[in-house]
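The structure under discussion appears below in the form of structure tokens.
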Amino acid sequence: MKSNLKFISLLWKYSMKSVLVYRVNFIIQAGATVVNNSIYFIFWLVFFSKIISVETYSLNDMLMQFSIVTAAFGIAYVFFGNSSGIAGIVINGELDYYMLFPRNILLYLVTAKFYLSSMGDFIFGVLILFYLQPNIRTLLPWLFCVITGAIIIVMLNVILGSLSFWLGNVDQLSRVISEAIVTFSLYPNNIYKGVIKIVLLTIIPSGYLGNIPLHIIQDGNLIYFVFLIAFTFMISFIGVSLFYIGLKRYESSNLFSVNM
């Protein structure tokens, strides 16, 4: 475990150095991400200036949920960016490269790419948080929810990408579904009713990225806390298990390449 963590920290260190070689490009991409997120921010400001609340959702509730989701998304794609490309790697036979290393294959696979431009999402999430003027009782639950949210996003990508072991090329489909789950989590949970609400807590678990974390921060409800921890462990177990079961079906392409 210790050797894996040391290996990953070195991998992140050199990945960051390689990205910063093109620092101007990084600043442009991160800046574009902040601008894109700002559009959502302005939208909610304008929306709630006309409508006081959406059932029980106020402007501050919406911004807190937005802060959690964007920060979690940023961490997931900065440090585990390669998780979104698993399907393409499997289909193209590029998994051979990762299997050559005496490391945890899945851990190395998801950390192999460092999308530093997604730091714009994390920074924006932090800026929104401080716009809300949080206290120490808010900061710790917020950090907990952001970390669990990042794990959930990564594991969703692993699950969707692992389907390629059985279904073939699902690269585009997995990306669309992953983005849809994050998008659903950016909206007030109260607008979803009946079957749709159940789906968003089970099949498309966007509720665990935004709504449930919001309740944890607002109410300090231990039931929601337990639900979030349990779901994080469950989806992690499913993701890891599905990947390694699928790995037994993997057929090498005999293609060897060097990752730069």
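Chain labels run A, B, ... following the order of the structure tokens; each chain numbers its residues from 1, and ligands are numbered from 1 in the order shown.
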
Using only C-alpha atoms, find each residue of stretch 219-245 of chain A with at least one atom at most 9 Å away from an atom of stretch 94-113 of chain A; report its shortest atom-to-atom pair and that distance in Å (one decimal), sort the rows by chain and rising residue number, and return the result as a Markdown table.
```
| residue | atom | partner | partner_atom | distance |
| --- | --- | --- | --- | --- |
| A:Val240 | CA | A:Leu106 | CA | 7.7 |
| A:Phe243 | CA | A:Leu106 | CA | 7.8 |
| A:Tyr244 | CA | A:Leu106 | CA | 8.3 |
```

Export of prior selection with N, CA and C atoms as an mmCIF file, in the first residue's frame:
```cif
data_model
loop_
_atom_site.group_PDB
_atom_site.id
_atom_site.type_symbol
_atom_site.label_atom_id
_atom_site.label_comp_id
_atom_site.auth_asym_id
_atom_site.auth_seq_id
_atom_site.Cartn_x
_atom_site.Cartn_y
_atom_site.Cartn_z
ATOM 1 N N VAL A 240 -14.356 -1.820 -8.665
ATOM 2 C CA VAL A 240 -13.113 -2.604 -8.642
ATOM 3 C C VAL A 240 -13.385 -4.050 -9.063
ATOM 4 N N PHE A 243 -14.144 -4.358 -12.833
ATOM 5 C CA PHE A 243 -12.947 -4.178 -13.657
ATOM 6 C C PHE A 243 -12.107 -5.448 -13.694
ATOM 7 N N TYR A 244 -11.857 -6.038 -12.530
ATOM 8 C CA TYR A 244 -10.980 -7.211 -12.491
ATOM 9 C C TYR A 244 -11.653 -8.469 -13.038
#
```

Quiz prompt | Contact residues around A:Leu160 with only C-alpha atoms at 9 Å, ignoring same-chain residues under 3 positions, as a VMD selection string | solution = chain A and resid 84 86 to 87 155 to 157 163 to 164 170 to 171 173 to 175 177 to 178 239

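Every protein or nucleic acid residue with an atom no more than 9 Å from stretch 137-139 of chain A, counting only C-alpha atoms and leaving out same-chain residues fewer than 4 positions away, appears here: Leu129, Leu143, Phe144, Ile217 and Gln218 of chain A.
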
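Nearest-residue note for A:Ile39: choosing from A:Phe124, A:Asn60, A:Phe7, A:Gly93, the minimum distance belongs to A:Phe124, counting only C-alpha atoms.
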
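Looking only at stretch 175-204 of chain A, the set that DSSP places in alpha helix (DSSP H) from backbone geometry is A:Arg175, A:Val176, A:Ile177, A:Ser178, A:Glu179, A:Ala180, A:Ile181, A:Val182, A:Thr183, A:Phe184, A:Gly194, A:Val195, A:Ile196, A:Lys197, A:Ile198, A:Val199.
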
Generate a file of the selected residues that holds N, CA, C and O atoms, formatted as a short mmCIF file (atom, residue, chain, number, x, y, z; two decimals), in the first residue's frame.
```
data_model
loop_
_atom_site.label_atom_id
_atom_site.label_comp_id
_atom_site.auth_asym_id
_atom_site.auth_seq_id
_atom_site.Cartn_x
_atom_site.Cartn_y
_atom_site.Cartn_z
N ARG A 175 -19.02 8.13 -21.64
CA ARG A 175 -18.75 9.56 -21.38
C ARG A 175 -20.05 10.35 -21.27
O ARG A 175 -20.19 11.22 -20.40
N VAL A 176 -21.00 10.04 -22.15
CA VAL A 176 -22.29 10.74 -22.14
C VAL A 176 -23.03 10.47 -20.84
O VAL A 176 -23.57 11.39 -20.20
N ILE A 177 -23.06 9.19 -20.42
CA ILE A 177 -23.77 8.82 -19.19
C ILE A 177 -23.10 9.48 -17.98
O ILE A 177 -23.78 10.01 -17.09
N SER A 178 -21.77 9.46 -17.95
CA SER A 178 -21.04 10.06 -16.84
C SER A 178 -21.33 11.56 -16.73
O SER A 178 -21.57 12.09 -15.64
N GLU A 179 -21.32 12.24 -17.87
CA GLU A 179 -21.60 13.68 -17.87
C GLU A 179 -23.04 13.96 -17.49
O GLU A 179 -23.34 14.95 -16.80
N ALA A 180 -23.95 13.08 -17.91
CA ALA A 180 -25.37 13.26 -17.58
C ALA A 180 -25.59 13.13 -16.07
O ALA A 180 -26.37 13.89 -15.48
N ILE A 181 -24.90 12.18 -15.44
CA ILE A 181 -25.04 11.98 -14.00
C ILE A 181 -24.60 13.23 -13.24
O ILE A 181 -25.27 13.70 -12.32
N VAL A 182 -23.46 13.80 -13.67
CA VAL A 182 -22.96 15.01 -13.03
C VAL A 182 -23.92 16.17 -13.28
O VAL A 182 -24.21 16.97 -12.37
N THR A 183 -24.45 16.28 -14.49
CA THR A 183 -25.38 17.36 -14.83
C THR A 183 -26.64 17.30 -13.98
O THR A 183 -27.11 18.32 -13.45
N PHE A 184 -27.22 16.10 -13.82
CA PHE A 184 -28.42 15.93 -12.99
C PHE A 184 -28.16 16.39 -11.55
O PHE A 184 -29.06 16.90 -10.89
N GLY A 194 -41.32 11.14 -7.93
CA GLY A 194 -41.70 9.75 -8.17
C GLY A 194 -40.57 8.85 -8.64
O GLY A 194 -39.50 8.78 -8.02
N VAL A 195 -40.81 8.18 -9.75
CA VAL A 195 -39.88 7.19 -10.29
C VAL A 195 -38.54 7.82 -10.64
O VAL A 195 -37.47 7.24 -10.40
N ILE A 196 -38.60 9.03 -11.20
CA ILE A 196 -37.36 9.71 -11.60
C ILE A 196 -36.46 9.94 -10.39
O ILE A 196 -35.24 9.74 -10.46
N LYS A 197 -37.05 10.34 -9.28
CA LYS A 197 -36.27 10.58 -8.07
C LYS A 197 -35.62 9.30 -7.57
O LYS A 197 -34.47 9.31 -7.12
N ILE A 198 -36.34 8.20 -7.65
CA ILE A 198 -35.79 6.90 -7.23
C ILE A 198 -34.62 6.51 -8.14
O ILE A 198 -33.59 6.03 -7.67
N VAL A 199 -34.79 6.73 -9.44
CA VAL A 199 -33.74 6.42 -10.41
C VAL A 199 -32.47 7.22 -10.12
O VAL A 199 -31.35 6.71 -10.20
#
```

Practice problem: Tell me which of A:Asn135, A:Ser185, A:Ser241, A:Asn37 sits closest to A:Ile123, counting only C-alpha atoms. | Solution: A:Asn37

Quiz item: Any idea what's packed within 12 Å of A:Phe73, counting only C-alpha atoms, ignoring anything in its chain fewer than 3 positions away? Could you give it as number ranges by chain?
Solution: A: 33, 37, 66-70, 76-81, 84, 115, 117-125, 145-154, 156-157, 178-179, 181-183, 185-186, 209-210
